[in-house]
>>> print(open('query19.txt').read())   # compact mmCIF, C-alpha atoms and all ligand atoms
# COMPACT_ATOMS: atom_id res chain seq x y z
CA MET A 1 -22.30 15.12 -9.99
CA LYS A 2 -19.41 12.79 -9.19
CA PRO A 3 -19.71 9.34 -10.82
CA PHE A 4 -18.98 7.73 -7.40
CA THR A 5 -17.76 8.68 -3.93
CA GLY A 6 -15.50 7.23 -1.25
CA LEU A 7 -12.66 5.93 -3.43
CA ILE A 8 -9.49 5.28 -1.45
CA ASP A 9 -6.11 4.76 -3.12
CA SER A 10 -4.24 2.91 -0.40
CA HIS A 11 -0.84 3.15 -2.10
CA PHE A 12 0.69 5.74 -4.41
CA HIS A 13 4.13 7.34 -4.71
CA SER A 14 4.02 11.13 -5.13
CA GLN A 15 7.78 11.49 -5.49
CA ALA A 16 8.10 8.78 -8.15
CA MET A 17 5.36 10.65 -10.03
CA VAL A 18 7.43 13.83 -9.73
CA ASP A 19 10.43 11.89 -11.08
CA LYS A 20 8.33 11.04 -14.12
CA ALA A 21 7.59 14.75 -14.61
CA MET A 22 3.92 14.28 -13.66
CA ASP A 23 2.00 17.17 -12.10
CA VAL A 24 1.09 15.52 -8.78
CA GLY A 25 -1.06 18.45 -7.62
CA GLU A 26 -3.13 18.22 -10.79
CA CYS A 27 -3.48 14.41 -10.50
CA LEU A 28 -4.67 14.75 -6.90
CA THR A 29 -7.10 17.54 -7.76
CA ARG A 30 -8.53 15.26 -10.46
CA PHE A 31 -8.72 12.39 -7.94
CA PHE A 32 -10.66 14.39 -5.33
CA ALA A 33 -12.91 16.05 -7.94
CA GLY A 34 -13.67 12.65 -9.48
CA GLY A 35 -14.84 10.90 -6.30
CA GLY A 36 -11.58 10.18 -4.49
CA GLU A 37 -11.70 10.59 -0.72
CA LEU A 38 -8.29 9.57 0.58
CA ALA A 39 -4.93 8.72 -0.99
CA LEU A 40 -2.00 7.31 0.94
CA ASP A 41 1.41 8.50 -0.21
CA MET A 42 3.80 5.63 0.35
CA ALA A 43 7.46 5.97 1.28
CA VAL A 44 10.42 4.21 -0.29
CA HIS A 45 13.10 5.87 1.85
CA VAL A 46 13.34 8.70 4.40
CA ARG A 47 15.04 11.27 2.17
CA ASP A 48 11.88 12.71 0.62
CA GLY A 49 9.89 12.89 3.87
CA SER A 50 9.47 16.65 3.95
CA ALA A 51 8.20 16.88 0.36
CA ARG A 52 5.59 14.25 1.15
CA GLU A 53 4.63 15.86 4.44
CA GLU A 54 4.10 19.18 2.65
CA LEU A 55 1.85 17.52 0.08
CA SER A 56 -0.25 15.97 2.86
CA GLU A 57 -0.56 19.39 4.48
CA ARG A 58 -1.74 20.88 1.18
CA PHE A 59 -4.43 18.24 0.49
CA PRO A 60 -6.70 17.28 3.41
CA GLY A 61 -7.37 13.85 1.84
CA VAL A 62 -3.70 12.95 1.38
CA TYR A 63 -2.18 10.89 4.17
CA ILE A 64 1.33 9.52 4.32
CA ALA A 65 3.30 6.46 5.22
CA ALA A 66 6.91 6.46 6.34
CA GLY A 67 9.21 3.49 5.94
CA ILE A 68 12.13 1.98 4.09
CA HIS A 69 11.69 -0.23 1.03
CA PRO A 70 13.78 -3.41 0.61
CA SER A 71 15.60 -1.78 -2.33
CA GLU A 72 17.37 0.38 0.30
CA ALA A 73 18.67 -2.62 2.26
CA GLY A 74 22.31 -2.27 3.16
CA LYS A 75 22.22 1.51 2.72
CA VAL A 76 20.42 2.48 5.94
CA GLY A 77 22.36 4.39 8.62
CA GLY A 78 21.69 5.50 12.20
CA ASP A 79 20.37 8.91 11.14
CA ASP A 80 17.80 7.23 8.91
CA TRP A 81 16.26 5.48 11.91
CA ILE A 82 16.01 8.77 13.79
CA LEU A 83 14.39 10.39 10.76
CA LEU A 84 12.00 7.46 10.30
CA ARG A 85 10.71 7.76 13.87
CA LYS A 86 10.26 11.50 13.40
CA GLN A 87 8.36 11.00 10.14
CA LEU A 88 6.10 8.41 11.76
CA SER A 89 5.14 10.98 14.40
CA HIS A 90 3.72 13.36 11.77
CA PRO A 91 -0.03 13.79 12.43
CA LYS A 92 -0.86 12.49 8.95
CA ALA A 93 1.46 9.45 9.07
CA LEU A 94 -0.95 6.50 9.20
CA ILE A 95 1.22 3.57 8.24
CA LEU A 96 4.76 2.24 8.35
CA GLY A 97 5.68 1.35 4.79
CA GLU A 98 6.43 0.23 2.40
CA ILE A 99 8.60 -2.49 3.84
CA GLY A 100 9.18 -6.06 2.79
CA LEU A 101 11.20 -8.55 0.80
CA ASP A 102 11.99 -8.65 -2.90
CA TRP A 103 13.89 -11.47 -4.61
CA TYR A 104 13.07 -10.26 -8.12
CA ARG A 105 16.60 -9.05 -8.79
CA GLY A 106 18.27 -11.86 -6.89
CA ARG A 107 18.93 -12.77 -3.30
CA ASP A 108 22.49 -11.64 -2.73
CA ASN A 109 21.32 -9.09 -0.12
CA GLU A 110 18.76 -11.39 1.50
CA GLY A 111 20.31 -10.98 4.96
CA ALA A 112 20.24 -7.17 4.78
CA GLN A 113 16.67 -7.13 3.44
CA ARG A 114 15.40 -9.40 6.17
CA GLU A 115 17.16 -7.45 8.90
CA LEU A 116 15.67 -4.18 7.60
CA PHE A 117 12.23 -5.77 7.34
CA ARG A 118 12.28 -7.27 10.81
CA ARG A 119 13.56 -4.12 12.46
CA GLN A 120 10.66 -2.18 10.91
CA LEU A 121 8.10 -4.83 11.93
CA SER A 122 9.36 -4.45 15.45
CA LEU A 123 9.17 -0.65 15.24
CA ALA A 124 5.59 -0.87 13.94
CA GLN A 125 4.55 -2.97 16.92
CA GLU A 126 6.31 -0.58 19.29
CA LEU A 127 4.50 2.42 17.77
CA ALA A 128 1.19 0.58 17.15
CA LYS A 129 1.24 1.42 13.43
CA PRO A 130 -0.09 -0.86 10.70
CA VAL A 131 2.44 -1.81 8.03
CA SER A 132 2.24 -1.90 4.25
CA ILE A 133 4.13 -4.89 2.90
CA HIS A 134 5.86 -5.28 -0.43
CA ASN A 135 6.51 -8.89 -1.44
CA ARG A 136 8.05 -10.11 -4.64
CA GLU A 137 8.64 -13.83 -4.88
CA ALA A 138 9.30 -14.04 -1.13
CA ASP A 139 6.13 -15.62 0.32
CA LYS A 140 8.01 -18.17 2.40
CA GLU A 141 10.56 -15.83 3.98
CA LEU A 142 7.89 -13.18 4.56
CA LEU A 143 5.87 -15.58 6.68
CA GLU A 144 9.01 -16.70 8.52
CA ASP A 145 9.93 -13.12 9.43
CA LEU A 146 6.38 -12.24 10.50
CA ALA A 147 6.38 -15.30 12.73
CA ALA A 148 9.83 -14.47 14.12
CA GLU A 149 8.57 -11.01 15.13
CA ALA A 150 5.35 -12.51 16.54
CA TRP A 151 3.43 -10.16 14.25
CA LYS A 152 -0.05 -9.38 15.53
CA GLY A 153 -1.24 -6.99 12.80
CA PRO A 154 -2.93 -5.21 11.34
CA GLY A 155 -1.35 -4.40 8.01
CA ILE A 156 -1.70 -4.43 4.25
CA PHE A 157 -0.34 -6.87 1.70
CA HIS A 158 0.17 -4.20 -0.93
CA CYS A 159 -0.29 -5.07 -4.63
CA PHE A 160 -1.33 -8.56 -3.64
CA SER A 161 -0.04 -10.87 -6.38
CA SER A 162 0.40 -14.19 -4.62
CA ASP A 163 -1.85 -17.22 -4.37
CA LEU A 164 -4.65 -18.34 -2.07
CA THR A 165 -2.19 -19.97 0.33
CA LEU A 166 -0.51 -16.67 1.18
CA ALA A 167 -3.85 -14.85 1.14
CA ARG A 168 -5.26 -17.23 3.77
CA LYS A 169 -2.17 -16.99 5.97
CA GLY A 170 -2.13 -13.21 5.63
CA LEU A 171 -5.78 -12.94 6.66
CA ASP A 172 -5.04 -15.08 9.71
CA LEU A 173 -2.28 -12.65 10.66
CA GLY A 174 -4.57 -9.61 10.42
CA PHE A 175 -3.63 -8.42 6.94
CA TYR A 176 -5.83 -6.70 4.40
CA LEU A 177 -5.33 -7.63 0.74
CA SER A 178 -4.82 -4.58 -1.46
CA PHE A 179 -5.27 -5.13 -5.18
CA ALA A 180 -3.58 -3.00 -7.84
CA GLY A 181 -3.89 -2.55 -11.61
CA ASN A 182 -2.48 -5.99 -12.40
CA VAL A 183 -5.77 -7.59 -11.29
CA THR A 184 -7.37 -5.96 -14.37
CA TYR A 185 -5.01 -7.71 -16.82
CA PRO A 186 -6.64 -10.53 -18.82
CA SER A 187 -3.64 -12.76 -18.02
CA SER A 188 -4.22 -12.46 -14.24
CA SER A 189 -6.87 -15.15 -13.91
CA ALA A 190 -5.42 -16.70 -10.71
CA LEU A 191 -5.21 -13.29 -9.07
CA ARG A 192 -8.78 -12.48 -10.08
CA GLU A 193 -9.84 -15.68 -8.34
CA VAL A 194 -8.23 -14.42 -5.11
CA ALA A 195 -10.02 -11.06 -5.50
CA ARG A 196 -13.35 -12.84 -6.03
CA TRP A 197 -12.77 -15.11 -3.03
CA ALA A 198 -11.38 -12.59 -0.50
CA PRO A 199 -13.59 -11.68 2.48
CA ALA A 200 -15.35 -8.36 1.83
CA ASP A 201 -14.09 -6.83 5.07
CA ARG A 202 -10.41 -7.38 4.17
CA LEU A 203 -10.26 -5.84 0.70
CA LEU A 204 -8.52 -2.64 -0.39
CA VAL A 205 -7.58 -1.11 -3.73
CA GLU A 206 -4.58 0.92 -4.75
CA THR A 207 -2.79 2.22 -7.82
CA ASP A 208 0.91 2.07 -6.85
CA SER A 209 1.13 5.20 -9.06
CA PRO A 210 3.06 5.92 -11.21
CA TYR A 211 3.46 2.17 -11.75
CA LEU A 212 1.09 -0.67 -12.69
CA SER A 213 -1.48 1.18 -14.79
CA PRO A 214 -4.70 -0.79 -15.21
CA GLN A 215 -5.85 -2.37 -18.45
CA GLY A 216 -6.61 0.32 -21.00
CA PHE A 217 -3.90 2.60 -19.61
CA ARG A 218 -0.90 0.28 -19.77
CA GLY A 219 2.24 2.01 -20.99
CA GLN A 220 1.09 5.32 -19.47
CA PRO A 221 2.09 6.55 -16.01
CA ASN A 222 -0.55 5.64 -13.45
CA GLN A 223 -2.43 8.09 -11.21
CA PRO A 224 -4.66 7.78 -8.12
CA LEU A 225 -8.01 8.20 -9.91
CA ASN A 226 -7.27 4.97 -11.82
CA ALA A 227 -7.95 3.09 -8.57
CA SER A 228 -11.58 3.38 -9.70
CA ILE A 229 -10.84 1.11 -12.68
CA THR A 230 -9.37 -1.56 -10.43
CA ALA A 231 -12.29 -1.14 -8.02
CA ALA A 232 -14.82 -1.49 -10.86
CA THR A 233 -13.11 -4.67 -12.11
CA ILE A 234 -13.16 -6.30 -8.67
CA ALA A 235 -16.73 -5.18 -7.96
CA GLN A 236 -17.81 -6.79 -11.23
CA LEU A 237 -15.91 -10.02 -10.42
CA ARG A 238 -17.70 -10.17 -7.08
CA GLY A 239 -21.11 -9.29 -8.45
CA GLU A 240 -21.29 -6.05 -6.45
CA SER A 241 -22.04 -2.51 -7.54
CA LEU A 242 -19.10 -0.11 -7.66
CA GLU A 243 -20.77 2.08 -5.03
CA GLU A 244 -21.22 -0.86 -2.67
CA PHE A 245 -17.63 -1.98 -3.17
CA LEU A 246 -16.26 1.52 -2.54
CA GLN A 247 -18.25 1.89 0.66
CA GLN A 248 -16.91 -1.44 1.86
CA THR A 249 -13.25 -0.67 1.05
CA ARG A 250 -13.60 2.80 2.56
CA SER A 251 -14.88 1.31 5.78
CA ASN A 252 -12.09 -1.34 5.69
CA PHE A 253 -9.39 1.29 5.38
CA ARG A 254 -10.83 3.31 8.24
CA THR A 255 -11.02 0.24 10.44
CA LEU A 256 -7.42 -0.59 9.57
CA VAL A 257 -5.98 2.78 10.49
CA GLY A 258 -8.58 4.10 12.90
CA TRP A 259 -7.18 2.47 15.98
CA ALA A 260 -3.69 3.81 15.27
CA VAL A 261 -4.65 7.38 14.58
CA THR A 262 -6.48 10.08 16.35
CA GLY A 263 -7.93 12.97 14.39
CA LEU A 264 -9.01 11.00 11.31
CA GLU A 265 -12.59 12.13 10.75
CA GLN A 266 -15.02 9.26 10.59
ZN ZN A 301 4.87 0.90 -3.92
>>> encode(input="query19.txt", output="structure tokens")
Amino acid sequence: MKPFTGLIDSHFHSQAMVDKAMDVGECLTRFFAGGGELALDMAVHVRDGSAREELSERFPGVYIAAGIHPSEAGKVGGDDWILLRKQLSHPKALILGEIGLDWYRGRDNEGAQRELFRRQLSLAQELAKPVSIHNREADKELLEDLAAEAWKGPGIFHCFSSDLTLARKGLDLGFYLSFAGNVTYPSSSALREVARWAPADRLLVETDSPYLSPQGFRGQPNQPLNASITAATIAQLRGESLEEFLQQTRSNFRTLVGWAVTGLEQ
């Protein structure tokens, strides 16, 4: 018998796992055999679209996102936009992402990052797709750009690592807060507070595999089944059973994407 059911990993990177010489097929088989129901393979750029589409065609529970990460800012050409639209029309493409702003390595390409971000926000609204947002040290500019595009949601704040102020504003704008392995670290007490406080109907979990392994697995490449460790930590913080928490996050994810997608079994 499976130890639990209904686990959803709302954010993993199959091709970064391949780059780390991981056997993605084996990791996904382990995920589905262990109680995983759906895993969303997140894009960083458009170049690996066909490999990710093939993976989603091989595993019924693997869905994909298509989008361009801020690390690609300044390198995006006209053909990339054509490819992005095509990838978003794939029947298993649920989300536009990941997109966002990242000041971690400096702000010298701030203009290019914001232009790329805003153009994709606008595309998401045109195509009625939710977005998955990456944000590193850019809370203020993120909110400015969402306001400038008159963002109406819904979407995901992926690997939520900010404070209650951004969490509140994000919820107002229709975002779900997706927590990753860093919420399990003993040093993350402020983040754990946000996870304890967040409204039940706006919570998601993710791994960001192969990155951000949860406590106990740090230093090893991450994989989708480890979303259960993050889920168990948050359930415990909130005084809920793991089963209850997984049913809630499963229903949240389906609500988030359901309106944008036809053919997703309920
Ligand atoms: Zn990611």
>>> closest_residue(input="query19.txt", among="A:Leu38, A:Ile99, A:Ala148, A:Ile234", to="ligand ZN 301 (chain A)", atoms="all atoms listed in the file")
A:Ile99
>>> atom_distance(input="query19.txt", atom1="CA of His11 (chain A)", atom2="CA of Ala43 (chain A)")
9.4 Å
>>> residues_around(input="query19.txt", residues="Ala39 (chain A)", least_positions_apart="4", cutoff="6 Å", atoms="only C-alpha atoms", output="PyMOL selection string")
chain A and resi 8-10+62
>>> residues_near_ligand(input="query19.txt", ligand="ligand ZN 301 (chain A)", cutoff="12 Å", atoms="only C-alpha atoms and all ligand atoms", output="MDAnalysis selection string")
chainID A and resid 9:17 40:45 65:71 97:100 102 132:136 156:160 178:180 206:212 222
>>> write_last_selection(input="query19.txt", atoms="C-alpha atoms", output="mmCIF file, keeping the file's coordinate frame")
data_model
loop_
_atom_site.group_PDB
_atom_site.id
_atom_site.type_symbol
_atom_site.label_atom_id
_atom_site.label_comp_id
_atom_site.auth_asym_id
_atom_site.auth_seq_id
_atom_site.Cartn_x
_atom_site.Cartn_y
_atom_site.Cartn_z
ATOM 1 C CA ASP A 9 -6.110 4.760 -3.120
ATOM 2 C CA SER A 10 -4.240 2.910 -0.400
ATOM 3 C CA HIS A 11 -0.840 3.150 -2.100
ATOM 4 C CA PHE A 12 0.690 5.740 -4.410
ATOM 5 C CA HIS A 13 4.130 7.340 -4.710
ATOM 6 C CA SER A 14 4.020 11.130 -5.130
ATOM 7 C CA GLN A 15 7.780 11.490 -5.490
ATOM 8 C CA ALA A 16 8.100 8.780 -8.150
ATOM 9 C CA MET A 17 5.360 10.650 -10.030
ATOM 10 C CA LEU A 40 -2.000 7.310 0.940
ATOM 11 C CA ASP A 41 1.410 8.500 -0.210
ATOM 12 C CA MET A 42 3.800 5.630 0.350
ATOM 13 C CA ALA A 43 7.460 5.970 1.280
ATOM 14 C CA VAL A 44 10.420 4.210 -0.290
ATOM 15 C CA HIS A 45 13.100 5.870 1.850
ATOM 16 C CA ALA A 65 3.300 6.460 5.220
ATOM 17 C CA ALA A 66 6.910 6.460 6.340
ATOM 18 C CA GLY A 67 9.210 3.490 5.940
ATOM 19 C CA ILE A 68 12.130 1.980 4.090
ATOM 20 C CA HIS A 69 11.690 -0.230 1.030
ATOM 21 C CA PRO A 70 13.780 -3.410 0.610
ATOM 22 C CA SER A 71 15.600 -1.780 -2.330
ATOM 23 C CA GLY A 97 5.680 1.350 4.790
ATOM 24 C CA GLU A 98 6.430 0.230 2.400
ATOM 25 C CA ILE A 99 8.600 -2.490 3.840
ATOM 26 C CA GLY A 100 9.180 -6.060 2.790
ATOM 27 C CA ASP A 102 11.990 -8.650 -2.900
ATOM 28 C CA SER A 132 2.240 -1.900 4.250
ATOM 29 C CA ILE A 133 4.130 -4.890 2.900
ATOM 30 C CA HIS A 134 5.860 -5.280 -0.430
ATOM 31 C CA ASN A 135 6.510 -8.890 -1.440
ATOM 32 C CA ARG A 136 8.050 -10.110 -4.640
ATOM 33 C CA ILE A 156 -1.700 -4.430 4.250
ATOM 34 C CA PHE A 157 -0.340 -6.870 1.700
ATOM 35 C CA HIS A 158 0.170 -4.200 -0.930
ATOM 36 C CA CYS A 159 -0.290 -5.070 -4.630
ATOM 37 C CA PHE A 160 -1.330 -8.560 -3.640
ATOM 38 C CA SER A 178 -4.820 -4.580 -1.460
ATOM 39 C CA PHE A 179 -5.270 -5.130 -5.180
ATOM 40 C CA ALA A 180 -3.580 -3.000 -7.840
ATOM 41 C CA GLU A 206 -4.580 0.920 -4.750
ATOM 42 C CA THR A 207 -2.790 2.220 -7.820
ATOM 43 C CA ASP A 208 0.910 2.070 -6.850
ATOM 44 C CA SER A 209 1.130 5.200 -9.060
ATOM 45 C CA PRO A 210 3.060 5.920 -11.210
ATOM 46 C CA TYR A 211 3.460 2.170 -11.750
ATOM 47 C CA LEU A 212 1.090 -0.670 -12.690
ATOM 48 C CA ASN A 222 -0.550 5.640 -13.450
#
>>> residues_around(input="query19.txt", residues="Leu237 (chain A)", least_positions_apart="6", cutoff="9 Å", atoms="all atoms listed in the file", output="list in words")
Arg192, Glu193, Ala195 and Arg196 of chain A
>>> closest_residue(input="query19.txt", among="A:Ala150, A:Leu116, A:Leu101, A:Val183", to="Asp80 (chain A)", atoms="all atoms listed in the file")
A:Leu116
>>> atom_distance(input="query19.txt", atom1="CA of Gly78 (chain A)", atom2="CA of Glu54 (chain A)")
24.2 Å
>>> residues_around(input="query19.txt", residues="Thr230 (chain A)", least_positions_apart="3", cutoff="6 Å", atoms="all atoms listed in the file", output="ChimeraX atom specification")
/A:181,227,233
>>> closest_atom_pairs(input="query19.txt", of="region 71-135 of chain A", to="region 244-258 of chain A", cutoff="10 Å", atoms="all atoms listed in the file", output="JSON lines")
{"residue": "A:Leu94", "atom": "CA", "partner": "A:Val257", "partner_atom": "CA", "distance": 6.4}
{"residue": "A:Ile95", "atom": "CA", "partner": "A:Val257", "partner_atom": "CA", "distance": 7.6}
{"residue": "A:Lys129", "atom": "CA", "partner": "A:Val257", "partner_atom": "CA", "distance": 7.9}
{"residue": "A:Pro130", "atom": "CA", "partner": "A:Val257", "partner_atom": "CA", "distance": 6.9}
{"residue": "A:Val131", "atom": "CA", "partner": "A:Val257", "partner_atom": "CA", "distance": 9.9}
>>> write_last_selection(input="query19.txt", atoms="C-alpha atoms", output="PDB file, in the frame of the given file")
ATOM      1  CA  LEU A  94      -0.950   6.500   9.200  1.00  0.00           C
ATOM      2  CA  ILE A  95       1.220   3.570   8.240  1.00  0.00           C
ATOM      3  CA  LYS A 129       1.240   1.420  13.430  1.00  0.00           C
ATOM      4  CA  PRO A 130      -0.090  -0.860  10.700  1.00  0.00           C
ATOM      5  CA  VAL A 131       2.440  -1.810   8.030  1.00  0.00           C
TER       6      VAL A 131
END
>>> residues_around(input="query19.txt", residues="Ser162 (chain A)", least_positions_apart="2", cutoff="9 Å", atoms="all atoms listed in the file", output="JSON, numbers by chain")
{"A": [135, 136, 137, 139, 160, 164, 165, 166, 167, 190, 191, 194]}
>>> axis_aligned_box(input="query19.txt", around="region 18-24 of chain A", padding_each_side="8 Å", output="AutoDock Vina command-line options")
--center_x 5.8 --center_y 14.1 --center_z -11.7 --size_x 25.3 --size_y 22.1 --size_z 21.8
